[in-house]
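To keep things clear, I will list the structure first and then write my remarks on it.
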Amino acid sequence: MAPPDRELGAFREGLLAEIRENRGGSAELPEFSENVFTAICLEWLEDVGLTENSEVCHFERSFGNRNARANGYAVDDDEAVVDVFIACFDGGDVSGMLPPDDLRRAARQAKTFCEKVSTELLSNLDPSGRDYGMVERFGDVAPKASKFRVFVITDQACSLSSIDAEDLNGKDLVYEIIDIERLYRLVQAGLPRDEVVIDFTQHAAGGLPCLHAPEISGDYDAYLALIPGEMLYQLYDLYGPRLLERNVRSFLQARGKINRGIRDTLRKQPDRFLAYNNGIVATVDEIHVRHDQAAGSRHITSVRGLQIVNGGQTTASIHRARRDDKVDLSSVYVPAKISLISEGRIEEMVPAISLYANSQNNIQMADFSANDPYHVRMGQLSGQIWCPGEQGRWFYERTRGEYEVEKIRTAKTPAQLRRFNERTPRQRKFDKVELAKFLLSWEQRPDKVSLGGQKCFASFMQDLSETHSKDWLPDDGDYRRAIAKGILYRSALAITRQEDFPAYRAQVATYLVAYLSHRTGRQINLERIWNEQGLSSELVALLRSWAYGVRDAIVQSSGGRNVTEWCKKDACWKALRAVDLSLSDELPPEIDGASSSSAATSDVSNLTPAELDAIHHCQKITAEEWIRISKWGSETGRLKDWQTGIAGTLGTYAARDWSKSPSSKQAKRGLEILLIAREDGGPLASDPDA
């Protein structure tokens, strides 16, 4: 069913406004709007599980009378499915219809890209360009992939709803058309489960045998079934992560999809799988059951909106064992509990089922939900805390589309709309994924940010559960500091755009913020950034000068590896931390020794470049080296007791990957200790930098 024209128009207006936002709110659409449009759409498609690990990159070349074009690509975790994205972006004030011929032409251009990616093509590209990394990665995984998908994405409506699948070098090539109406349904109107309609009669004669549980509640209806392993494999092969409820999908991204115990059982004792495995728990939005009263049997004939809320490891492992290990699944059956949730209870019960069904594995699945108390509290704080001057505030979009809903709810007249836009401009809107990027960049986890939106968010929530008590909630100060970190992150992104870096802008931005946090020992006055709602010209200049060094260090440390993939590795961050980027003689006013974990105080002395260099040098020494120095000093008497204590403390900080930075006083004493160790023949005696 098509959405109402008014709602669809408002959705598209919001999309175009978000594209303009990437150019500082300019009324004119930016030249690169096609790629910005692609980036926004890919974030949405990842959010609903249609793709994963996506990268935006424009590629366009002519090969004789054929054109190859793509706006991005994605490779799933198993490197079995490769996606290519091509945009047909109009950007007009009124949404039109994309002619079928234009849509087919775009699909052919994307197919040509798939065909023409080769080592020969790579040799003709500039290694510093973004498309080089795209072609390199695509060419590496394409021979191993079992399936290719082309997504044609457009901000217009399409009368053509499908394109027949084709063969690509002996492998399946399927097409997905994502027009503005489908985008609306996926993003605004609900979850991707609306598109999952399964006819079980196509997989088994008569459907799926089941038992109907007694009617014990008006909120749900429950069925028990044994799903053949081959059927579960086929369903996951067809729908992929769309079958997994969002919490489960996030968990799999954070922890990995393979379970060795499940895989070993499937390979060695498949007939015992039913005895050993707990099975799956699923919910559906609609279910059709045929009841044969004479035979006393029931069969599920079809369902709509199937979502697996527990058993993602089982489902993904069965799929991998069948596809990669060629396991015979004829004797494999999976017990399943399938619940039909009443429409008014879906948002309440599905997350609860996900949490309780997974509690036996000690997994806090609700941590990945927008309804988690942390995110609810952040939403409350964004509505209560105004920027200095009380003229405006930031808006935390806890759930997709909340900003537009709030605008419609509160701005019913032109004057009210103008006031809403002045007080809560779109530039100050941020969502859960952005929040995770803000905070993880500052916490020196740029490798996690580089994994992409959904995996970054999953890592953030996992870290949150490990570093805070279950009942902890952010307060006013936490919120203000989070916004300050967001201003830092967005400023870094703006610098990479302004400097017109040809590639790796997002990666440079997160690594730039992480390096600033590391290089200053987190001694940035975040309260000042909040009060000013921006960065000083001195700090912007420092970040701009460092951006080139960060980019060069990332590329050089990759050693010829795919740079985008290299940025996802902890080794990349360790390599960058060792780089010495110069500080100006006069430091920016934000670098004043104020702790990032508390509000700034007026009696904190400004740090000097020498003190920052001392902190940086101490952090270059490993935990093992600090402990060896402490032990050496104690055994030889070369160090005083307080010096061995400082060396041990710095070793503890290093062992925790410098989650706590040394103070300027500790760093000064640390350099003195290193000097003694070098001059007296202790550990690091041969280190020229010690």
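To be explicit about the labels: the chains of the structure tokens are called A, B, and onward in the order shown, and within each one the residues are counted from 1, while ligands get numbers from 1 in the order they are shown.
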
Practice task
Tell me, as a ChimeraX atom specification, which residues lie within 6 Å of range 82-96 of chain A, counting only C-alpha atoms; anything in the same chain fewer than 3 positions away does not count.
Solution key: /A:34,70-75,148-156

Handout entry: Cys114 in chain A environment, 9 Å, only C-alpha atoms, sequence neighbours closer than 2 positions dropped, as an MDAnalysis selection string
Key = chainID A and resid 68 84 109:112 116:117 138:139 142 148 168

Resulting file, chosen residues, N, CA, C and O atoms, as a tab-separated table (two decimals), in the first residue's frame:
```
chain	number	residue	atom	x	y	z
A	68	ALA	N	30.32	2.18	-16.96
A	68	ALA	CA	30.30	1.53	-15.65
A	68	ALA	C	30.15	2.62	-14.59
A	68	ALA	O	30.89	3.61	-14.60
A	84	VAL	N	26.38	-3.83	-4.75
A	84	VAL	CA	26.78	-2.61	-5.47
A	84	VAL	C	25.59	-1.66	-5.47
A	84	VAL	O	24.46	-2.08	-5.76
A	109	GLN	N	24.60	-0.21	-15.84
A	109	GLN	CA	25.87	0.43	-15.51
A	109	GLN	C	26.51	-0.22	-14.29
A	109	GLN	O	27.73	-0.41	-14.23
A	110	ALA	N	25.68	-0.57	-13.31
A	110	ALA	CA	26.20	-1.24	-12.11
A	110	ALA	C	26.69	-2.64	-12.46
A	110	ALA	O	27.72	-3.10	-11.94
A	111	LYS	N	25.98	-3.33	-13.33
A	111	LYS	CA	26.43	-4.66	-13.75
A	111	LYS	C	27.76	-4.56	-14.50
A	111	LYS	O	28.67	-5.39	-14.30
A	112	THR	N	27.91	-3.55	-15.34
A	112	THR	CA	29.17	-3.35	-16.06
A	112	THR	C	30.31	-3.12	-15.08
A	112	THR	O	31.42	-3.61	-15.27
A	116	LYS	N	33.74	-5.30	-14.94
A	116	LYS	CA	35.00	-4.69	-15.36
A	116	LYS	C	36.02	-4.53	-14.24
A	116	LYS	O	37.16	-4.14	-14.50
A	117	VAL	N	35.63	-4.81	-13.00
A	117	VAL	CA	36.59	-4.73	-11.91
A	117	VAL	C	37.64	-5.82	-12.10
A	117	VAL	O	37.31	-7.00	-12.16
A	138	PHE	N	36.72	-4.79	-3.93
A	138	PHE	CA	35.73	-5.52	-4.72
A	138	PHE	C	36.42	-6.64	-5.50
A	138	PHE	O	35.95	-7.78	-5.53
A	139	GLY	N	37.56	-6.32	-6.13
A	139	GLY	CA	38.27	-7.33	-6.90
A	139	GLY	C	38.80	-8.46	-6.06
A	139	GLY	O	38.92	-9.60	-6.53
A	142	ALA	N	35.35	-10.58	-4.94
A	142	ALA	CA	34.43	-11.04	-5.99
A	142	ALA	C	34.64	-12.50	-6.38
A	142	ALA	O	33.65	-13.24	-6.52
A	148	PHE	N	25.80	-11.77	-5.98
A	148	PHE	CA	25.95	-10.33	-6.17
A	148	PHE	C	24.56	-9.69	-6.17
A	148	PHE	O	23.60	-10.27	-6.68
A	168	LEU	N	26.16	-13.76	-13.57
A	168	LEU	CA	27.39	-12.99	-13.61
A	168	LEU	C	28.56	-13.94	-13.37
A	168	LEU	O	28.84	-14.33	-12.24
```

Handout entry: CA of Ser582 in chain A to CA of Ser664 in chain A, distance in Å rounded to a single decimal
Key =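 Separation between CA of Ser582 in chain A and CA of Ser664 in chain A: 18.0 Å.
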
Problem - Closest of A:Ala614, A:Cys210, A:Ala80, A:Leu183 to Ile40 in chain A - atom-to-atom distances counting only C-alpha atoms - result: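 Of the candidates, the smallest distance to Ile40 in chain A is held by A:Leu183.
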
Practice task
Can you work out which one of A:Thr636, A:Gln307, A:Thr301, A:Ser317 has the shortest atom-to-atom distance to Asp78 in chain A, counting only C-alpha atoms?
Solution key: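 That would be A:Ser317, the residue with the smallest distance to Asp78 in chain A.
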
Exercise for the section: Find the residues around range 373-380 of chain A up to 9 Å (only C-alpha atoms counted), leave out those fewer than 4 positions away in its own chain, and share them as a PyMOL selection string. Expected result: chain A and resi 367+369+384-385+395-398+432+471-475+479

Output for the residues just chosen: all heavy atoms as a CSV table (one decimal), in the first residue's frame:
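What landed in again_1.csv:
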```
chain,number,residue,atom,x,y,z
A,367,ASP,N,20.3,-3.7,25.7
A,367,ASP,CA,21.3,-2.7,25.6
A,367,ASP,C,21.4,-2.1,24.2
A,367,ASP,O,21.8,-1.0,24.0
A,367,ASP,CB,22.7,-3.3,26.0
A,367,ASP,CG,22.8,-3.5,27.5
A,367,ASP,OD1,22.0,-3.0,28.2
A,367,ASP,OD2,23.8,-4.2,27.8
A,369,SER,N,18.8,-1.5,22.3
A,369,SER,CA,17.5,-1.0,21.9
A,369,SER,C,17.4,0.5,22.1
A,369,SER,O,18.0,1.1,23.1
A,369,SER,CB,16.4,-1.7,22.6
A,369,SER,OG,15.2,-1.1,22.4
A,384,GLN,N,15.4,19.0,27.9
A,384,GLN,CA,15.5,19.9,29.1
A,384,GLN,C,16.6,20.9,29.1
A,384,GLN,O,16.5,22.0,29.7
A,384,GLN,CB,15.6,19.0,30.4
A,384,GLN,CG,14.5,18.0,30.6
A,384,GLN,CD,14.8,17.0,31.6
A,384,GLN,OE1,15.9,17.0,32.2
A,384,GLN,NE2,13.8,16.1,31.9
A,385,ILE,N,17.8,20.5,28.5
A,385,ILE,CA,19.0,21.4,28.6
A,385,ILE,C,19.1,22.3,27.3
A,385,ILE,O,19.2,21.8,26.2
A,385,ILE,CB,20.2,20.5,28.7
A,385,ILE,CG1,20.1,19.7,30.0
A,385,ILE,CG2,21.5,21.3,28.8
A,385,ILE,CD1,21.2,18.7,30.3
A,395,PHE,N,18.8,18.3,19.6
A,395,PHE,CA,17.7,17.4,19.6
A,395,PHE,C,18.3,15.9,19.4
A,395,PHE,O,18.9,15.7,18.4
A,395,PHE,CB,16.8,17.7,18.4
A,395,PHE,CG,15.5,16.9,18.4
A,395,PHE,CD1,14.3,17.4,19.0
A,395,PHE,CD2,15.4,15.6,17.9
A,395,PHE,CE1,13.1,16.7,19.0
A,395,PHE,CE2,14.3,14.9,18.0
A,395,PHE,CZ,13.1,15.4,18.5
A,396,TYR,N,18.0,15.1,20.4
A,396,TYR,CA,18.5,13.7,20.3
A,396,TYR,C,17.4,12.9,19.7
A,396,TYR,O,16.3,12.7,20.3
A,396,TYR,CB,18.9,13.2,21.7
A,396,TYR,CG,19.4,11.7,21.6
A,396,TYR,CD1,20.4,11.4,20.7
A,396,TYR,CD2,18.9,10.8,22.5
A,396,TYR,CE1,20.8,10.1,20.7
A,396,TYR,CE2,19.4,9.5,22.5
A,396,TYR,CZ,20.3,9.1,21.6
A,396,TYR,OH,20.8,7.8,21.6
A,397,GLU,N,17.6,12.4,18.5
A,397,GLU,CA,16.6,11.6,17.8
A,397,GLU,C,16.8,10.1,18.2
A,397,GLU,O,17.5,9.4,17.5
A,397,GLU,CB,16.7,11.8,16.3
A,397,GLU,CG,15.5,11.2,15.5
A,397,GLU,CD,15.6,11.5,14.0
A,397,GLU,OE1,16.6,11.1,13.4
A,397,GLU,OE2,14.7,12.1,13.5
A,398,ARG,N,16.1,9.7,19.2
A,398,ARG,CA,16.2,8.4,19.8
A,398,ARG,C,15.7,7.3,18.8
A,398,ARG,O,16.2,6.2,18.7
A,398,ARG,CB,15.5,8.3,21.1
A,398,ARG,CG,15.7,7.0,21.9
A,398,ARG,CD,15.2,7.1,23.3
A,398,ARG,NE,13.8,7.6,23.4
A,398,ARG,CZ,12.8,6.7,23.5
A,398,ARG,NH1,13.0,5.4,23.4
A,398,ARG,NH2,11.6,7.2,23.6
A,432,LYS,N,21.4,8.0,17.5
A,432,LYS,CA,22.1,7.0,18.3
A,432,LYS,C,23.4,6.7,17.7
A,432,LYS,O,24.5,6.6,18.4
A,432,LYS,CB,21.3,5.7,18.5
A,432,LYS,CG,20.0,5.9,19.2
A,432,LYS,CD,19.3,4.6,19.6
A,432,LYS,CE,19.1,3.7,18.4
A,432,LYS,NZ,18.2,4.2,17.4
A,471,ASP,N,22.4,0.3,36.6
A,471,ASP,CA,21.4,1.3,36.9
A,471,ASP,C,21.9,2.7,36.7
A,471,ASP,O,21.3,3.7,37.1
A,471,ASP,CB,20.8,1.2,38.3
A,471,ASP,CG,22.0,1.2,39.4
A,471,ASP,OD1,23.1,1.2,39.0
A,471,ASP,OD2,21.6,1.2,40.6
A,472,TRP,N,23.1,2.8,36.1
A,472,TRP,CA,23.7,4.1,35.9
A,472,TRP,C,23.0,4.9,34.7
A,472,TRP,O,22.6,4.3,33.7
A,472,TRP,CB,25.2,4.0,35.5
A,472,TRP,CG,25.8,5.3,35.1
A,472,TRP,CD1,26.3,6.2,36.0
A,472,TRP,CD2,26.0,5.9,33.8
A,472,TRP,NE1,26.8,7.3,35.3
A,472,TRP,CE2,26.6,7.2,34.0
A,472,TRP,CE3,25.6,5.5,32.5
A,472,TRP,CZ2,26.9,8.0,32.9
A,472,TRP,CZ3,25.9,6.3,31.5
A,472,TRP,CH2,26.6,7.5,31.6
A,473,LEU,N,22.7,6.2,34.9
A,473,LEU,CA,22.1,7.0,33.9
A,473,LEU,C,22.9,8.3,33.8
A,473,LEU,O,23.5,8.8,34.8
A,473,LEU,CB,20.7,7.3,34.3
A,473,LEU,CG,19.7,6.2,34.2
A,473,LEU,CD1,18.3,6.7,34.7
A,473,LEU,CD2,19.5,5.6,32.8
A,474,PRO,N,23.0,8.8,32.6
A,474,PRO,CA,23.8,10.1,32.4
A,474,PRO,C,23.1,11.2,33.1
A,474,PRO,O,21.9,11.3,33.2
A,474,PRO,CB,23.8,10.2,30.9
A,474,PRO,CG,22.6,9.5,30.4
A,474,PRO,CD,22.4,8.3,31.3
A,475,ASP,N,23.9,12.2,33.5
A,475,ASP,CA,23.3,13.4,34.1
A,475,ASP,C,23.6,14.6,33.2
A,475,ASP,O,24.1,14.5,32.1
A,475,ASP,CB,23.9,13.6,35.5
A,475,ASP,CG,25.5,13.8,35.5
A,475,ASP,OD1,26.0,14.1,34.4
A,475,ASP,OD2,26.1,13.6,36.5
A,479,TYR,N,25.7,14.9,29.6
A,479,TYR,CA,25.0,15.3,28.3
A,479,TYR,C,25.8,16.4,27.7
A,479,TYR,O,26.1,16.4,26.5
A,479,TYR,CB,23.6,15.7,28.6
A,479,TYR,CG,22.9,16.2,27.4
A,479,TYR,CD1,22.4,15.4,26.4
A,479,TYR,CD2,22.7,17.6,27.2
A,479,TYR,CE1,21.7,15.9,25.3
A,479,TYR,CE2,22.1,18.1,26.0
A,479,TYR,CZ,21.6,17.2,25.1
A,479,TYR,OH,21.0,17.7,24.0
```

Practice task
as an MDAnalysis selection string, please: all residues of range 375-434 of chain A that backbone DSSP puts in alpha helix (DSSP H).
Solution key: chainID A and resid 375:384 402:410 414:423 432:434
